[in-house]
Structures are given as structure tokens and as C-alpha cells.
>>> print(open('start06.txt').read())   # compact mmCIF, C-alpha atoms
# COMPACT_ATOMS: atom_id res chain seq x y z
CA MET A 13 -13.31 19.34 34.10
CA ILE A 14 -12.42 20.35 37.66
CA THR A 15 -8.67 20.24 38.30
CA GLY A 16 -6.30 21.19 41.07
CA LYS A 17 -6.04 24.62 39.47
CA THR A 18 -9.78 25.27 39.28
CA ARG A 19 -10.85 28.49 41.00
CA VAL A 20 -14.10 28.44 42.96
CA PHE A 21 -16.88 31.01 43.19
CA TYR A 22 -19.50 30.56 45.89
CA MET A 23 -23.21 31.34 45.91
CA VAL A 24 -24.38 31.77 49.51
CA ALA A 25 -28.03 31.88 50.61
CA ASP A 26 -30.60 30.55 53.08
CA PRO A 27 -32.61 28.87 51.61
CA ILE A 28 -30.47 27.98 48.60
CA ASP A 29 -32.69 25.98 46.22
CA GLN A 30 -34.14 29.08 44.52
CA VAL A 31 -30.81 30.57 43.37
CA ARG A 32 -30.00 30.57 39.65
CA THR A 33 -26.62 32.33 39.55
CA PRO A 34 -24.60 29.05 39.59
CA GLU A 35 -26.41 27.96 36.42
CA ILE A 36 -25.33 31.11 34.60
CA PHE A 37 -21.72 31.04 35.82
CA ASN A 38 -21.30 27.35 35.09
CA LYS A 39 -22.70 27.80 31.58
CA VAL A 40 -20.64 30.81 30.46
CA LEU A 41 -17.29 30.13 32.19
CA PRO A 42 -16.50 27.00 30.11
CA LEU A 43 -17.58 28.78 26.91
CA CYS A 44 -14.80 31.31 27.60
CA ASN A 45 -12.27 28.63 28.59
CA ILE A 46 -12.12 29.85 32.19
CA ASP A 47 -11.02 27.15 34.66
CA ALA A 48 -13.53 28.04 37.38
CA VAL A 49 -16.87 26.87 38.80
CA MET A 50 -19.58 28.27 41.05
CA VAL A 51 -20.75 26.17 43.99
CA PRO A 52 -23.98 26.83 45.94
CA LEU A 53 -23.64 26.92 49.73
CA HIS A 54 -26.55 26.81 52.16
CA VAL A 55 -25.38 29.01 55.05
CA THR A 56 -27.58 30.12 57.94
CA PRO A 57 -27.28 33.71 59.22
CA GLU A 58 -25.49 32.77 62.43
CA ASN A 59 -22.74 31.09 60.39
CA LEU A 60 -22.35 33.75 57.69
CA THR A 61 -19.41 35.76 59.05
CA LYS A 62 -17.32 32.72 59.97
CA THR A 63 -18.06 30.99 56.66
CA VAL A 64 -17.16 34.02 54.54
CA ARG A 65 -13.93 34.74 56.38
CA GLU A 66 -12.80 31.10 56.33
CA LEU A 67 -13.56 30.61 52.62
CA PHE A 68 -11.59 33.70 51.64
CA LYS A 69 -8.52 32.32 53.42
CA SER A 70 -8.25 29.89 50.49
CA GLU A 71 -6.26 31.11 47.49
CA THR A 72 -8.60 29.20 45.17
CA THR A 73 -11.65 31.20 46.32
CA ALA A 74 -12.31 33.51 43.36
CA GLY A 75 -15.30 35.43 44.73
CA MET A 76 -18.72 35.18 46.33
CA VAL A 77 -22.30 36.14 45.45
CA LEU A 78 -24.90 36.41 48.21
CA SER A 79 -28.69 36.18 48.25
CA ILE A 80 -31.54 36.03 50.79
CA PRO A 81 -31.14 36.87 53.70
CA HIS A 82 -27.45 37.72 53.84
CA LYS A 83 -27.02 40.98 51.90
CA THR A 84 -27.46 43.35 54.84
CA ASP A 85 -25.27 41.31 57.21
CA ALA A 86 -22.62 40.98 54.50
CA ALA A 87 -22.38 44.77 54.34
CA GLU A 88 -21.11 44.75 57.91
CA LEU A 89 -18.46 42.07 57.53
CA VAL A 90 -16.54 43.44 54.51
CA ASP A 91 -13.63 45.82 54.94
CA SER A 92 -14.87 48.28 52.32
CA ARG A 93 -17.94 48.72 50.09
CA SER A 94 -19.07 50.82 47.16
CA LYS A 95 -21.15 53.98 47.50
CA ILE A 96 -24.26 52.15 46.26
CA ALA A 97 -23.70 49.35 48.77
CA ALA A 98 -23.15 51.85 51.57
CA THR A 99 -26.31 53.81 50.73
CA ALA A 100 -28.40 50.63 50.57
CA ASN A 101 -26.50 49.06 53.50
CA ALA A 102 -26.32 45.80 51.55
CA VAL A 103 -23.77 43.74 49.62
CA ASN A 104 -24.37 40.91 47.15
CA ALA A 105 -20.82 40.35 45.89
CA ILE A 106 -17.53 40.01 47.78
CA ARG A 107 -13.97 39.76 46.50
CA ARG A 108 -10.52 39.70 48.11
CA ASN A 109 -8.12 42.45 47.02
CA LYS A 110 -4.32 42.24 46.71
CA GLU A 111 -3.89 43.26 50.35
CA GLY A 112 -6.18 40.44 51.48
CA LYS A 113 -9.03 42.78 52.42
CA LEU A 114 -12.63 41.96 51.56
CA GLU A 115 -14.41 44.37 49.22
CA GLY A 116 -18.19 44.40 48.78
CA ASP A 117 -20.49 45.74 46.09
CA LEU A 118 -24.18 45.61 45.19
CA PHE A 119 -25.54 44.98 41.70
CA ASP A 120 -29.20 43.99 42.14
CA GLY A 121 -30.50 47.50 41.56
CA VAL A 122 -28.48 48.17 38.41
CA GLY A 123 -29.57 44.82 37.01
CA PHE A 124 -33.20 45.63 37.80
CA VAL A 125 -33.11 49.03 36.08
CA LYS A 126 -31.41 47.47 33.04
CA SER A 127 -34.22 44.90 32.88
CA LEU A 128 -36.83 47.68 32.83
CA ASP A 129 -34.88 49.35 30.04
CA ARG A 130 -34.68 46.11 28.05
CA TYR A 131 -38.47 45.95 27.88
CA ASN A 132 -39.04 49.70 27.52
CA MET A 133 -40.87 49.88 30.85
CA PRO A 134 -40.74 53.54 31.99
CA TYR A 135 -39.84 54.51 35.55
CA GLU A 136 -38.62 58.10 35.30
CA SER A 137 -41.22 60.50 36.73
CA LYS A 138 -43.35 57.51 37.78
CA ARG A 139 -44.83 56.57 41.14
CA VAL A 140 -43.16 53.41 42.50
CA LEU A 141 -44.36 50.99 45.18
CA LEU A 142 -41.64 48.71 46.53
CA ILE A 143 -42.56 45.75 48.73
CA GLY A 144 -39.58 44.68 50.84
CA ALA A 145 -36.74 46.76 52.27
CA GLY A 146 -34.16 43.99 52.58
CA GLY A 147 -30.94 43.78 50.59
CA ALA A 148 -32.48 43.42 47.13
CA GLY A 149 -35.23 45.94 47.82
CA SER A 150 -32.71 48.47 49.10
CA ALA A 151 -30.57 48.01 46.00
CA ILE A 152 -33.55 48.51 43.71
CA ALA A 153 -34.66 51.62 45.61
CA VAL A 154 -31.20 53.19 45.37
CA SER A 155 -30.81 52.52 41.64
CA LEU A 156 -34.32 53.73 40.84
CA ALA A 157 -33.84 56.86 42.95
CA ALA A 158 -30.83 57.77 40.82
CA CYS A 159 -33.14 57.72 37.78
CA LYS A 160 -35.52 60.37 39.17
CA PRO A 161 -38.90 58.71 39.71
CA ALA A 162 -41.67 61.01 40.89
CA HIS A 163 -42.04 59.14 44.17
CA ILE A 164 -41.08 55.89 45.91
CA SER A 165 -43.15 54.25 48.65
CA VAL A 166 -41.45 51.43 50.54
CA TYR A 167 -43.51 48.90 52.48
CA ASP A 168 -41.98 46.31 54.79
CA PRO A 169 -43.63 44.58 57.78
CA GLU A 170 -40.45 45.42 59.68
CA SER A 171 -41.26 49.12 59.55
CA GLN A 172 -37.90 50.28 60.89
CA ARG A 173 -36.18 48.88 57.79
CA SER A 174 -38.46 50.83 55.44
CA VAL A 175 -38.03 54.01 57.51
CA GLN A 176 -34.24 53.75 57.39
CA LEU A 177 -34.27 53.06 53.64
CA ALA A 178 -36.66 55.93 52.87
CA ASN A 179 -34.58 58.36 54.93
CA SER A 180 -31.39 57.23 53.21
CA ILE A 181 -32.95 57.63 49.75
CA GLU A 182 -34.21 61.15 50.44
CA ALA A 183 -30.90 62.23 51.97
CA SER A 184 -28.79 60.80 49.14
CA PHE A 185 -30.92 61.60 46.11
CA GLY A 186 -33.48 64.23 47.09
CA VAL A 187 -36.26 62.03 45.72
CA SER A 188 -39.64 61.88 47.44
CA CYS A 189 -39.54 58.58 49.36
CA ILE A 190 -41.66 57.43 52.29
CA ALA A 191 -42.05 54.35 54.45
CA ALA A 192 -45.61 53.29 53.57
CA ASP A 193 -47.91 52.04 56.30
CA ASN A 194 -49.72 49.64 53.95
CA ASN A 195 -49.16 47.61 50.77
CA ASP A 196 -52.03 49.05 48.68
CA PRO A 197 -50.89 49.33 45.02
CA ALA A 198 -53.67 51.75 43.98
CA GLY A 199 -52.31 54.77 42.17
CA PHE A 200 -48.83 53.40 41.49
CA ASP A 201 -47.24 53.11 38.03
CA VAL A 202 -44.47 50.62 38.90
CA ILE A 203 -45.10 47.90 41.51
CA ILE A 204 -42.23 45.72 42.68
CA ASN A 205 -42.20 42.69 44.94
CA ALA A 206 -38.70 42.47 46.43
CA SER A 207 -39.86 40.46 49.44
CA PRO A 208 -39.53 36.67 49.91
CA LEU A 209 -43.31 36.26 49.63
CA GLY A 210 -43.89 33.75 46.86
CA LEU A 211 -40.91 31.49 47.51
CA LYS A 212 -43.34 29.08 49.17
CA THR A 213 -46.57 28.08 47.48
CA SER A 214 -48.34 28.65 50.81
CA ASP A 215 -47.24 32.31 51.00
CA PRO A 216 -49.90 35.03 50.87
CA LEU A 217 -49.82 37.54 48.03
CA PRO A 218 -47.46 40.46 48.78
CA LEU A 219 -50.22 42.98 48.02
CA PRO A 220 -53.93 43.19 47.14
CA THR A 221 -53.89 42.50 43.40
CA GLU A 222 -57.45 43.75 42.83
CA ASN A 223 -56.14 47.32 43.30
CA ILE A 224 -53.47 47.13 40.58
CA SER A 225 -54.09 49.47 37.66
CA ALA A 226 -54.13 47.86 34.21
CA SER A 227 -51.61 50.50 33.11
CA ALA A 228 -49.13 49.59 35.84
CA VAL A 229 -45.91 47.61 35.39
CA VAL A 230 -45.74 44.78 37.93
CA CYS A 231 -42.39 43.20 38.80
CA ASP A 232 -41.55 40.20 40.96
CA ILE A 233 -37.83 39.56 41.44
CA LEU A 234 -38.17 36.01 42.78
CA MET A 235 -36.12 33.31 41.04
CA LYS A 236 -38.57 30.55 41.95
CA ASN A 237 -42.20 29.68 41.15
CA GLN A 238 -42.30 32.05 38.18
CA PRO A 239 -44.68 33.28 37.01
CA THR A 240 -45.66 33.94 40.61
CA PRO A 241 -49.30 34.34 41.71
CA LEU A 242 -48.67 38.10 41.77
CA LEU A 243 -47.58 38.17 38.13
CA LYS A 244 -50.40 35.85 37.06
CA ALA A 245 -52.95 38.13 38.68
CA ALA A 246 -51.34 41.18 37.08
CA LEU A 247 -51.37 39.54 33.65
CA ASP A 248 -55.03 38.65 34.09
CA GLY A 249 -55.71 42.30 34.87
CA GLY A 250 -53.97 43.51 31.73
CA SER A 251 -50.76 44.83 33.31
CA ALA A 252 -47.30 44.46 31.83
CA VAL A 253 -45.19 42.14 34.00
CA LEU A 254 -41.52 41.53 34.65
CA PRO A 255 -40.07 38.46 36.41
CA GLY A 256 -36.70 38.64 38.12
CA PHE A 257 -34.68 36.61 35.63
CA ASP A 258 -33.46 39.55 33.57
CA MET A 259 -32.44 41.39 36.72
CA LEU A 260 -30.10 38.49 37.46
CA ILE A 261 -28.93 38.04 33.87
CA LEU A 262 -28.16 41.72 33.36
CA GLN A 263 -26.23 42.08 36.60
CA THR A 264 -24.14 38.96 35.92
CA PRO A 265 -21.66 40.85 33.67
CA LEU A 266 -21.22 43.27 36.58
CA PHE A 267 -20.42 40.34 38.88
CA LEU A 268 -17.93 39.02 36.34
CA GLU A 269 -16.18 42.39 35.95
CA PHE A 270 -16.06 42.79 39.73
CA PHE A 271 -14.29 39.41 39.90
CA GLY A 272 -11.83 40.39 37.16
CA LEU A 273 -13.38 38.38 34.33
CA THR A 274 -13.91 41.20 31.84
CA GLU A 275 -13.74 38.93 28.80
CA VAL A 276 -16.55 36.74 30.14
CA ALA A 277 -18.62 39.83 30.94
CA ASP A 278 -18.18 41.07 27.37
CA PHE A 279 -19.13 37.64 26.01
CA LEU A 280 -22.41 37.64 27.97
CA ARG A 281 -23.23 41.24 27.05
CA LYS A 282 -22.92 40.46 23.34
CA ASP A 283 -25.51 37.68 23.48
CA ASP A 284 -27.33 36.40 26.56
CA SER A 285 -30.15 34.68 24.65
CA GLU A 286 -29.13 31.15 25.61
CA VAL A 287 -28.96 32.07 29.29
CA ARG A 288 -32.38 33.70 29.10
CA LYS A 289 -33.86 30.63 27.44
CA MET A 290 -32.36 28.53 30.21
CA LEU A 291 -33.97 30.59 32.99
CA PHE A 292 -37.34 31.73 31.64
CA PRO A 293 -40.33 29.40 32.24
CA SER A 294 -42.45 28.38 29.26
CA GLU A 295 -45.29 30.71 30.29
CA LEU A 296 -43.00 33.70 29.82
CA THR A 297 -40.99 32.69 26.75
CA TRP A 298 -42.71 35.52 24.86
CA MET A 299 -40.43 37.86 26.80
CA VAL A 300 -37.38 36.09 25.44
CA GLU A 301 -38.69 36.44 21.90
CA THR A 302 -39.73 40.08 22.03
CA ALA A 303 -36.98 41.75 24.07
>>> encode(input="start06.txt", output="C-alpha cells")
Amino acid sequence: MITGKTRVFYMVADPIDQVRTPEIFNKVLPLCNIDAVMVPLHVTPENLTKTVRELFKSETTAGMVLSIPHKTDAAELVDSRSKIAATANAVNAIRRNKEGKLEGDLFDGVGFVKSLDRYNMPYESKRVLLIGAGGAGSAIAVSLAACKPAHISVYDPESQRSVQLANSIEASFGVSCIAADNNDPAGFDVIINASPLGLKTSDPLPLPTENISASAVVCDILMKNQPTPLLKAALDGGSAVLPGFDMLILQTPLFLEFFGLTEVADFLRKDDSEVRKMLFPSELTWMVETA
């Protein structure tokens, strides 16, 4: 029940219909007797800064999670950000501290690496191809770089973004990282789609699937249309696949801790099976059963 004391978390994105974070928050918060809800907000980029600053003027605003395409812009509007967020130049969570300042952090990458670990998908000393150098892609690149892959290639049609990310990764971690001039997956061990391609059924594939090795791990972080055409093609070719649901589920305790809800974070860490069943499509329920 929503009351006058209910605290409000916001999920901000453009578009908004693909987000799944409100489902998780609104399932686990009542189970822990927390008087709070998460509300999705469709906010266009030109309205992001004003919307964020106005919402945090309210004492009942408990925190904010951000998705496509706001993570990079959000990094510029907060008053301070974590080292990971600064390296990736992206933020996907904002809170207000006791002094009224806005603090930002980034959890996509940690959630992604945890999802690889959950399914025993190796990435250390592996060659990684990352499609998309936006907020989520940058977060994934930073977290993977900390785990010492052999090499990371970043491809983004906006080449300047991939160049900046590759330079930042090499400077911060000393890992071989380049801005790729094409999206060819041949020769890569871990292939990740962190671009928006696949949100629309009319979208082209993010890469030529005929060049994916059967031994490769193929990941698509999208929260919509799963399994995506990319993952279906990879499955048909014999590759192991990973949708983005576990990346979200496994970073949610980090969101909750960031917002001061340690007891809810611990609750979800102990058993997230019901949340996973809620998010995973029927075609991929075998992942729920075998993790």
C-alpha cells in the first residue's frame, strides 16, 4: 500500500518500456517490509538534468536508476562519482547525501562480470569483442579490464566514443584495448552486444553471426526481445549464450546497498530464484535451472 510516508525510487530511460528494474524493486521491497516503490519515468535527453535535479528536491525521493541513453549525461550532472563511474564516464545510479549533494555510481559492469561467473563463463586471458561504447558498454569494459582479459576490442559506429573508451581502459588498467574499425567477431572468445540494436524487431544484427566461433560465449545485455536474434543465431551455431537478465539481477543488491537498503540487498543475495523466474523468457528457463 502506498501511503504518505512511502519513499519513491525512480527508473529513468528513453525509451522506457524495456526496463525491468521496477519489477525487481517492487517485488523485493514489500517482502522486506520496506515502505517504498520504484516508478518508471520516460525522460528525453534534453529534459534529463532538470528532471533529476527537481526530483531530488523532494525528501521522499529515495534514489534513481538510469538506463539508455542517460548514463553518460548523468555522469556530468552529479556532484561526485565513484572511480569506476569516472573511468567509464557513466553513471547508472544516483543518490542524495546528507549535505544534499548528488552522488553517482555505476554497477552494470560488476553485474555483468558476476553473471559470467554464475555460469562459469571464462573471461580472464580471453579475447573480448564489445559492441557499443555507451554507458553500459563502458561499464562492462571497465569491469572486464580489471579482471585481466588478454585483449578488448570496442566497436561503436560513433568511433570517437570507442577511441575514448579504449584509451581510458589502457591508461587505467594496462590491458590491451583498441577501438575496432569493424564488428567482425572472428577470433574472439567473448562477444558482447552492449548496443541498443535489438530493441526494435526491425533492427539489423549487431554483428555478422556467421563468423562467431562455436567455442565463443555470446552475450546480449538487452532487457527486451530475449532471446534476441543474435543469441538465437549463436545458439544455432553451438555457442554458449548469456542474456542480460542476470547482469541486472546481480547488480540489484549493489543498487540497494548504494541506496542504504543493506537488509534488502542481503535478502536478494541469499535467494534470487523468484526474480530470475520472473525475468527469464521460457526459451531460456534452462539457465534458471542450471545456474
>>> residues_near_point(input="start06.txt", point="(-16.0, 34.1, 46.3)", cutoff="7 Å", atoms="only C-alpha atoms", output="PyMOL selection string")
chain A and resi 20-22+68+73-77+106-107
>>> atom_distance(input="start06.txt", atom1="atom CA of A:Asp232", atom2="atom CA of A:Gly199")
18.2 Å
>>> closest_atom_pairs(input="start06.txt", of="stretch 176-247 of chain A", to="stretch 255-275 of chain A", cutoff="10 Å", atoms="only C-alpha atoms", output="JSON lines")
{"residue": "A:Ile204", "atom": "CA", "partner": "A:Pro255", "partner_atom": "CA", "distance": 9.8}
{"residue": "A:Asn205", "atom": "CA", "partner": "A:Gly256", "partner_atom": "CA", "distance": 9.7}
{"residue": "A:Ala206", "atom": "CA", "partner": "A:Gly256", "partner_atom": "CA", "distance": 9.4}
{"residue": "A:Val230", "atom": "CA", "partner": "A:Pro255", "partner_atom": "CA", "distance": 8.6}
{"residue": "A:Cys231", "atom": "CA", "partner": "A:Pro255", "partner_atom": "CA", "distance": 5.8}
{"residue": "A:Asp232", "atom": "CA", "partner": "A:Pro255", "partner_atom": "CA", "distance": 5.1}
{"residue": "A:Ile233", "atom": "CA", "partner": "A:Gly256", "partner_atom": "CA", "distance": 3.6}
{"residue": "A:Leu234", "atom": "CA", "partner": "A:Gly256", "partner_atom": "CA", "distance": 5.5}
{"residue": "A:Met235", "atom": "CA", "partner": "A:Gly256", "partner_atom": "CA", "distance": 6.1}
{"residue": "A:Lys236", "atom": "CA", "partner": "A:Gly256", "partner_atom": "CA", "distance": 9.1}
{"residue": "A:Gln238", "atom": "CA", "partner": "A:Pro255", "partner_atom": "CA", "distance": 7.0}
{"residue": "A:Pro239", "atom": "CA", "partner": "A:Pro255", "partner_atom": "CA", "distance": 7.0}
{"residue": "A:Thr240", "atom": "CA", "partner": "A:Pro255", "partner_atom": "CA", "distance": 8.3}
{"residue": "A:Leu243", "atom": "CA", "partner": "A:Pro255", "partner_atom": "CA", "distance": 7.7}
>>> write_last_selection(input="start06.txt", atoms="C-alpha atoms", output="mmCIF file, in the frame of the given file")
data_model
loop_
_atom_site.group_PDB
_atom_site.id
_atom_site.type_symbol
_atom_site.label_atom_id
_atom_site.label_comp_id
_atom_site.auth_asym_id
_atom_site.auth_seq_id
_atom_site.Cartn_x
_atom_site.Cartn_y
_atom_site.Cartn_z
ATOM 1 C CA ILE A 204 -42.230 45.720 42.680
ATOM 2 C CA ASN A 205 -42.200 42.690 44.940
ATOM 3 C CA ALA A 206 -38.700 42.470 46.430
ATOM 4 C CA VAL A 230 -45.740 44.780 37.930
ATOM 5 C CA CYS A 231 -42.390 43.200 38.800
ATOM 6 C CA ASP A 232 -41.550 40.200 40.960
ATOM 7 C CA ILE A 233 -37.830 39.560 41.440
ATOM 8 C CA LEU A 234 -38.170 36.010 42.780
ATOM 9 C CA MET A 235 -36.120 33.310 41.040
ATOM 10 C CA LYS A 236 -38.570 30.550 41.950
ATOM 11 C CA GLN A 238 -42.300 32.050 38.180
ATOM 12 C CA PRO A 239 -44.680 33.280 37.010
ATOM 13 C CA THR A 240 -45.660 33.940 40.610
ATOM 14 C CA LEU A 243 -47.580 38.170 38.130
#
>>> atom_distance(input="start06.txt", atom1="atom CA of A:Asn101", atom2="atom CA of A:Asp85")
8.7 Å
>>> residues_around(input="start06.txt", residues="stretch 29-36 of chain A", least_positions_apart="2", cutoff="8 Å", atoms="only C-alpha atoms", output="list in words")
Met23, Ala25, Pro27, Asn38, Lys39, Val40, Met50, Val51, Pro52, Ser79, Leu211, Met235, Lys236, Leu260, Ile261, Thr264, Val287 and Leu291 of chain A
>>> closest_atom_pairs(input="start06.txt", of="stretch 33-132 of chain A", to="stretch 140-149 of chain A", cutoff="10 Å", atoms="only C-alpha atoms", output="CSV")
residue,atom,partner,partner_atom,distance
A:Leu78,CA,A:Gly147,CA,9.8
A:Ser79,CA,A:Ala148,CA,8.2
A:Ile80,CA,A:Gly147,CA,7.8
A:Pro81,CA,A:Gly147,CA,7.6
A:His82,CA,A:Gly147,CA,7.7
A:Lys83,CA,A:Gly147,CA,5.0
A:Thr84,CA,A:Gly147,CA,5.5
A:Asp85,CA,A:Gly147,CA,9.1
A:Ala86,CA,A:Gly147,CA,9.6
A:Ala87,CA,A:Gly147,CA,9.4
A:Ala97,CA,A:Gly147,CA,9.3
A:Ala100,CA,A:Gly147,CA,7.3
A:Asn101,CA,A:Gly147,CA,7.5
A:Ala102,CA,A:Gly147,CA,5.1
A:Val103,CA,A:Gly147,CA,7.2
A:Asn104,CA,A:Gly147,CA,8.0
A:Leu118,CA,A:Ala148,CA,8.8
A:Phe119,CA,A:Ala148,CA,8.9
A:Asp120,CA,A:Ala148,CA,6.0
A:Gly121,CA,A:Ala148,CA,7.2
A:Phe124,CA,A:Ala148,CA,9.6
>>> closest_residue(input="start06.txt", among="A:Phe200, A:Lys126, A:Glu301, A:Ser165", to="A:Arg281", atoms="all atoms listed in the file")
A:Lys126
>>> atom_distance(input="start06.txt", atom1="atom CA of A:Ile164", atom2="atom CA of A:Ala178")
8.2 Å
>>> residues_around(input="start06.txt", residues="stretch 180-191 of chain A", least_positions_apart="3", cutoff="6 Å", atoms="only C-alpha atoms", output="list in words")
His163, Ile164, Ser165, Val166, Tyr167, Ser174, Val175 and Leu177 of chain A
>>> closest_residue(input="start06.txt", among="A:Val125, A:Val253, A:Val90, A:Val49", to="A:Arg65", atoms="all atoms listed in the file")
A:Val90
>>> closest_residue(input="start06.txt", among="A:Leu280, A:Thr61, A:Glu88, A:Glu115", to="A:Phe37", atoms="all atoms listed in the file")
A:Leu280
>>> residues_around(input="start06.txt", residues="A:Pro134", least_positions_apart="2", cutoff="10 Å", atoms="all atoms listed in the file", output="list in words")
Val125, Leu128, Asp129, Tyr131, Asn132, Glu136, Ser137, Lys138, Pro161, Asp201, Val202 and Val229 of chain A
>>> axis_aligned_box(input="start06.txt", around="stretch 228-238 of chain A", padding_each_side="6 Å", output="JSON")
{"center_x": -42.6, "center_y": 39.6, "center_z": 39.1, "size_x": 25.0, "size_y": 31.9, "size_z": 19.4}
>>> decode(input="start06.txt", residues="stretch 143-162 of chain A", atoms="N, CA, C and O atoms", output="CSV table (one decimal), in the first residue's frame")
chain,number,residue,atom,x,y,z
A,143,ILE,N,30.5,-4.7,-28.5
A,143,ILE,CA,29.8,-3.8,-29.4
A,143,ILE,C,29.0,-2.8,-28.6
A,143,ILE,O,28.1,-3.1,-27.9
A,144,GLY,N,29.4,-1.5,-28.8
A,144,GLY,CA,28.7,-0.4,-28.1
A,144,GLY,C,29.6,0.2,-27.0
A,144,GLY,O,30.0,-0.5,-26.1
A,145,ALA,N,29.9,1.5,-27.1
A,145,ALA,CA,30.7,2.1,-26.1
A,145,ALA,C,29.9,3.2,-25.4
A,145,ALA,O,30.5,4.2,-24.9
A,146,GLY,N,28.6,3.0,-25.2
A,146,GLY,CA,27.8,3.9,-24.4
A,146,GLY,C,28.0,3.6,-22.9
A,146,GLY,O,29.0,3.0,-22.5
A,147,GLY,N,27.0,4.0,-22.1
A,147,GLY,CA,27.2,3.8,-20.7
A,147,GLY,C,27.4,2.4,-20.2
A,147,GLY,O,28.3,2.1,-19.5
A,148,ALA,N,26.5,1.5,-20.7
A,148,ALA,CA,26.6,0.1,-20.3
A,148,ALA,C,27.8,-0.5,-20.8
A,148,ALA,O,28.5,-1.3,-20.1
A,149,GLY,N,28.1,-0.3,-22.1
A,149,GLY,CA,29.3,-0.9,-22.7
A,149,GLY,C,30.6,-0.4,-22.0
A,149,GLY,O,31.5,-1.2,-21.7
A,150,SER,N,30.6,0.9,-21.6
A,150,SER,CA,31.8,1.4,-20.9
A,150,SER,C,31.9,0.7,-19.5
A,150,SER,O,33.1,0.4,-19.1
A,151,ALA,N,30.8,0.5,-18.9
A,151,ALA,CA,30.9,-0.1,-17.5
A,151,ALA,C,31.4,-1.5,-17.7
A,151,ALA,O,32.2,-2.0,-16.9
A,152,ILE,N,30.9,-2.3,-18.7
A,152,ILE,CA,31.4,-3.6,-18.9
A,152,ILE,C,32.8,-3.7,-19.2
A,152,ILE,O,33.6,-4.5,-18.7
A,153,ALA,N,33.3,-2.8,-20.1
A,153,ALA,CA,34.7,-2.7,-20.4
A,153,ALA,C,35.6,-2.5,-19.2
A,153,ALA,O,36.6,-3.2,-19.1
A,154,VAL,N,35.2,-1.6,-18.4
A,154,VAL,CA,36.0,-1.3,-17.2
A,154,VAL,C,36.1,-2.4,-16.2
A,154,VAL,O,37.2,-2.8,-15.8
A,155,SER,N,34.9,-3.1,-16.0
A,155,SER,CA,34.9,-4.2,-15.0
A,155,SER,C,35.7,-5.4,-15.6
A,155,SER,O,36.4,-6.1,-14.9
A,156,LEU,N,35.5,-5.7,-16.9
A,156,LEU,CA,36.3,-6.8,-17.5
A,156,LEU,C,37.8,-6.5,-17.5
A,156,LEU,O,38.6,-7.4,-17.3
A,157,ALA,N,38.2,-5.2,-17.8
A,157,ALA,CA,39.6,-4.9,-17.8
A,157,ALA,C,40.2,-5.1,-16.5
A,157,ALA,O,41.4,-5.5,-16.4
A,158,ALA,N,39.5,-4.9,-15.4
A,158,ALA,CA,40.0,-5.2,-14.0
A,158,ALA,C,40.3,-6.7,-13.8
A,158,ALA,O,41.0,-7.0,-12.9
A,159,CYS,N,39.7,-7.5,-14.7
A,159,CYS,CA,39.9,-9.0,-14.5
A,159,CYS,C,40.9,-9.6,-15.5
A,159,CYS,O,40.9,-10.8,-15.7
A,160,LYS,N,41.7,-8.7,-16.1
A,160,LYS,CA,42.8,-9.2,-16.9
A,160,LYS,C,42.4,-10.1,-18.1
A,160,LYS,O,43.0,-11.2,-18.2
A,161,PRO,N,41.6,-9.6,-19.0
A,161,PRO,CA,41.4,-10.3,-20.3
A,161,PRO,C,42.7,-10.2,-21.1
A,161,PRO,O,43.5,-9.3,-20.8
A,162,ALA,N,42.9,-11.0,-22.1
A,162,ALA,CA,44.0,-10.9,-23.0
A,162,ALA,C,43.9,-9.6,-23.8
A,162,ALA,O,45.0,-8.9,-24.1
